[in-house]
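Asker: Below is one structure. I have some questions about it.
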Amino acid sequence: MNTAFVIFNRMTVLDFIDMYDPLTRLKSMQIMPDFEWNVCSFTTNVVDDKGLRIAPSIAGESLSGYDLIVVPGGFSTRTLQHDNAFLDWLRSAKPVTLKASVCTGSLLLGAAGFLKDKRATTHPNAFQELRPYCAHVVDDRVVDGGGVITARGVTASIDL
């Protein structure tokens with residue numbers, strides 16, 4: 001399985017790490033020896049919401065060749081959900097079989113069109129923002145929308 005961990009400026013790094021660490025252990029613990037990943041970003045420089053710099057392994061390249069994309073949340077999702085260049089890059093993941101997000105990362109999946117006609121969740125403070133992007137906002141910790149899995153707040157990322 002080839003996975004793209006999507007990162008972006010002003011993301012919540014715990015959303016990213018809480019998914020990155022358990023998933024990459026699939027390989028290190030020999031549970032899924034063929035598990036491969038890249039840390040992908042639209043830009044070459046990424047700084048989280050507290051100033052931590054994280055270097056992507058791939059920047060600006062299509063996400064179409066992955067089996068799974070994982071999208072964290074963060075305050076910048078409020079801006080990125082309206083950033084056409086970023087959304088066009090994220091839409092390159094259209095052929096990806098499985099898409100996952102935690103917290104307000106679902107706003108990005110929704111704005112890219114991946115939640116249309118699906119059930120989804122996000123941080124409770126963003127339920128209203130998510131409504132236009134999906135069929136139904138669900139107040140559950142994790143929602144499997146069929147090909148897209150969304151998790152509520154930062155602590156739900158490990159459950160995801």
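To be explicit about the labels: the chains of the structure tokens are called A, B, and onward in the order shown, and within each one the residues are counted from 1, while ligands get numbers from 1 in the order they are shown.
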Identify all residues of chain A in helix (DSSP H, G or I) (DSSP on the backbone) and supply them as a PyMOL selection string.

Answerer: chain A and resi 13-28+77-80+84-91+105-111+124-133+154-156

Asker: At a cut-off of 9 Å, using only C-alpha atoms, what residues contact range 130-144 of chain A? Leave out same-chain residues fewer than 3 positions from it and give the result as number ranges by chain.

Answerer: A: 102, 104, 106-107, 109-124, 126-127, 147-153, 156-157, 159-160

Asker: I need the chosen residues saved as a compact mmCIF listing (two decimals), in the first residue's frame, with C-alpha atoms.

Answerer:
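The resulting file, result02.txt, is shown below:
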```txt
# COMPACT_ATOMS: atom_id res chain seq x y z
CA VAL A 102 -9.00 14.01 10.85
CA THR A 104 -11.03 19.94 9.82
CA SER A 106 -12.58 16.93 6.12
CA LEU A 107 -13.23 20.52 4.99
CA LEU A 109 -11.69 16.69 1.28
CA GLY A 110 -15.15 18.24 1.01
CA ALA A 111 -14.01 21.33 -0.86
CA ALA A 112 -12.15 19.06 -3.29
CA GLY A 113 -15.43 17.23 -3.96
CA PHE A 114 -14.58 13.92 -2.27
CA LEU A 115 -17.45 14.03 0.24
CA LYS A 116 -20.31 14.68 -2.19
CA ASP A 117 -23.27 12.44 -1.32
CA LYS A 118 -21.35 10.96 1.65
CA ARG A 119 -21.69 11.02 5.42
CA ALA A 120 -18.77 12.73 7.18
CA THR A 121 -17.61 14.27 10.43
CA THR A 122 -15.19 16.93 11.58
CA HIS A 123 -14.39 18.90 14.71
CA PRO A 124 -17.73 19.94 16.27
CA ALA A 126 -16.75 23.08 12.06
CA PHE A 127 -19.98 21.08 11.61
CA GLY A 147 -13.88 5.22 0.24
CA VAL A 148 -13.57 8.26 2.52
CA ILE A 149 -13.11 7.99 6.27
CA THR A 150 -13.34 11.11 8.44
CA ALA A 151 -12.54 11.48 12.13
CA ARG A 152 -13.81 14.18 14.46
CA GLY A 153 -11.21 16.03 16.57
CA ALA A 156 -9.87 10.77 17.09
CA SER A 157 -6.88 10.52 14.76
CA ASP A 159 -8.99 5.80 16.18
CA LEU A 160 -8.97 6.63 12.49
```

Asker: With only C-alpha atoms as the counted atoms, please give the residues lying no more than 10 Å from range 76-89 of chain A, apart from itself and same-chain residues fewer than 3 positions off, as a PyMOL selection string.

Answerer: chain A and resi 8-12+41-43+48-49+60-64+72-73+92-93+103-113+126+129

Asker: From the DSSP assignment of the backbone, select every residue of chain A that is strand (DSSP E or B), and format the answer as JSON, numbers by chain.

Answerer: {"A": [2, 3, 4, 5, 6, 7, 11, 36, 37, 38, 39, 40, 41, 46, 47, 53, 54, 58, 59, 68, 69, 70, 71, 74, 98, 99, 100, 101, 102, 119, 120, 136, 137, 142, 143, 144, 148, 149, 150, 151]}

Asker: Write the residues of the selection above to a file with N, CA and C atoms, as a short mmCIF file (atom, residue, chain, number, x, y, z; two decimals), in the first residue's frame.

Answerer:
```cif
data_model
loop_
_atom_site.label_atom_id
_atom_site.label_comp_id
_atom_site.auth_asym_id
_atom_site.auth_seq_id
_atom_site.Cartn_x
_atom_site.Cartn_y
_atom_site.Cartn_z
N ASN A 2 0.61 2.14 -0.89
CA ASN A 2 1.38 3.37 -1.04
C ASN A 2 0.54 4.54 -0.52
N THR A 3 1.05 5.24 0.48
CA THR A 3 0.28 6.27 1.19
C THR A 3 0.91 7.64 1.06
N ALA A 4 0.07 8.65 0.90
CA ALA A 4 0.49 10.05 0.90
C ALA A 4 -0.04 10.71 2.16
N PHE A 5 0.86 11.15 3.03
CA PHE A 5 0.49 11.96 4.18
C PHE A 5 0.56 13.41 3.72
N VAL A 6 -0.57 14.06 3.63
CA VAL A 6 -0.64 15.44 3.16
C VAL A 6 -0.35 16.38 4.32
N ILE A 7 0.55 17.33 4.09
CA ILE A 7 0.83 18.35 5.09
C ILE A 7 0.69 19.73 4.44
N MET A 11 -1.10 23.57 9.75
CA MET A 11 -1.84 22.37 10.13
C MET A 11 -1.62 22.12 11.62
N GLU A 36 4.32 1.60 2.03
CA GLU A 36 5.25 2.68 1.66
C GLU A 36 4.52 4.00 1.80
N TRP A 37 5.28 5.08 1.99
CA TRP A 37 4.65 6.39 2.16
C TRP A 37 5.57 7.51 1.74
N ASN A 38 4.92 8.64 1.50
CA ASN A 38 5.58 9.92 1.29
C ASN A 38 4.84 10.97 2.09
N VAL A 39 5.57 11.96 2.55
CA VAL A 39 4.97 13.14 3.17
C VAL A 39 4.88 14.17 2.06
N CYS A 40 3.66 14.50 1.66
CA CYS A 40 3.42 15.31 0.47
C CYS A 40 2.83 16.67 0.82
N SER A 41 3.29 17.67 0.11
CA SER A 41 2.79 19.02 0.31
C SER A 41 2.66 19.72 -1.04
N VAL A 46 6.89 23.90 4.85
CA VAL A 46 5.69 23.75 5.66
C VAL A 46 6.03 24.05 7.11
N VAL A 47 5.20 24.90 7.73
CA VAL A 47 5.35 25.26 9.13
C VAL A 47 3.99 25.04 9.79
N ARG A 53 8.79 23.40 11.74
CA ARG A 53 9.03 23.17 10.31
C ARG A 53 9.05 21.68 10.03
N ILE A 54 8.34 21.29 8.99
CA ILE A 54 8.29 19.90 8.57
C ILE A 54 8.62 19.86 7.09
N ILE A 58 7.93 15.08 -0.88
CA ILE A 58 7.49 15.41 -2.24
C ILE A 58 6.65 16.69 -2.16
N ALA A 59 6.89 17.62 -3.06
CA ALA A 59 6.12 18.87 -3.06
C ALA A 59 5.57 19.15 -4.46
N LEU A 68 -3.78 5.46 -0.67
CA LEU A 68 -4.39 6.12 0.47
C LEU A 68 -3.80 7.52 0.59
N ILE A 69 -4.66 8.51 0.83
CA ILE A 69 -4.17 9.84 1.23
C ILE A 69 -4.74 10.12 2.61
N VAL A 70 -3.94 10.78 3.43
CA VAL A 70 -4.31 11.09 4.80
C VAL A 70 -4.14 12.60 4.98
N VAL A 71 -5.23 13.27 5.38
CA VAL A 71 -5.24 14.73 5.46
C VAL A 71 -5.52 15.17 6.91
N GLY A 74 -6.48 21.67 10.90
CA GLY A 74 -5.76 22.84 11.39
C GLY A 74 -6.49 24.11 10.99
N LEU A 98 -8.70 5.15 -1.27
CA LEU A 98 -9.08 5.45 0.10
C LEU A 98 -8.53 6.81 0.51
N LYS A 99 -9.42 7.65 1.02
CA LYS A 99 -9.05 8.98 1.49
C LYS A 99 -9.47 9.09 2.95
N ALA A 100 -8.61 9.68 3.78
CA ALA A 100 -8.91 9.81 5.20
C ALA A 100 -8.55 11.20 5.68
N SER A 101 -9.31 11.68 6.66
CA SER A 101 -9.00 12.98 7.25
C SER A 101 -9.32 12.94 8.73
N VAL A 102 -8.68 13.83 9.44
CA VAL A 102 -9.00 14.01 10.85
C VAL A 102 -9.28 15.49 11.07
N ARG A 119 -21.63 10.64 4.02
CA ARG A 119 -21.69 11.02 5.42
C ARG A 119 -20.27 11.37 5.85
N ALA A 120 -20.11 12.34 6.74
CA ALA A 120 -18.77 12.73 7.18
C ALA A 120 -18.86 13.42 8.54
N HIS A 136 -24.51 14.40 4.72
CA HIS A 136 -24.95 14.45 6.10
C HIS A 136 -23.75 14.55 7.03
N VAL A 137 -23.75 15.54 7.92
CA VAL A 137 -22.71 15.66 8.94
C VAL A 137 -23.11 14.78 10.11
N VAL A 142 -15.67 8.57 14.39
CA VAL A 142 -15.13 8.19 13.08
C VAL A 142 -16.30 7.81 12.19
N VAL A 143 -16.27 8.26 10.93
CA VAL A 143 -17.33 7.95 9.97
C VAL A 143 -16.70 7.35 8.72
N ASP A 144 -17.14 6.14 8.38
CA ASP A 144 -16.70 5.48 7.15
C ASP A 144 -17.74 5.79 6.09
N VAL A 148 -14.05 7.07 1.79
CA VAL A 148 -13.57 8.26 2.52
C VAL A 148 -13.92 8.05 3.99
N ILE A 149 -12.90 8.14 4.84
CA ILE A 149 -13.11 7.99 6.27
C ILE A 149 -12.72 9.31 6.93
N THR A 150 -13.61 9.85 7.74
CA THR A 150 -13.34 11.11 8.44
C THR A 150 -13.40 10.87 9.94
N ALA A 151 -12.55 11.59 10.67
CA ALA A 151 -12.54 11.48 12.13
C ALA A 151 -12.77 12.87 12.71
#
```

Asker: Using only C-alpha atoms, which of the listed residues (A:Met1, A:Phe75, A:Ile158, A:Gly146) sits closest to Lys27 in chain A?

Answerer: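 Among the listed residues, the smallest separation from Lys27 in chain A belongs to A:Met1.
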
Asker: Can you work out the spacing between CA of Asp18 in chain A and CA of Asn125 in chain A in Å, to one decimal?

Answerer: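 Computing the Euclidean distance for CA of Asp18 in chain A and CA of Asn125 in chain A yields 20.2 Å.
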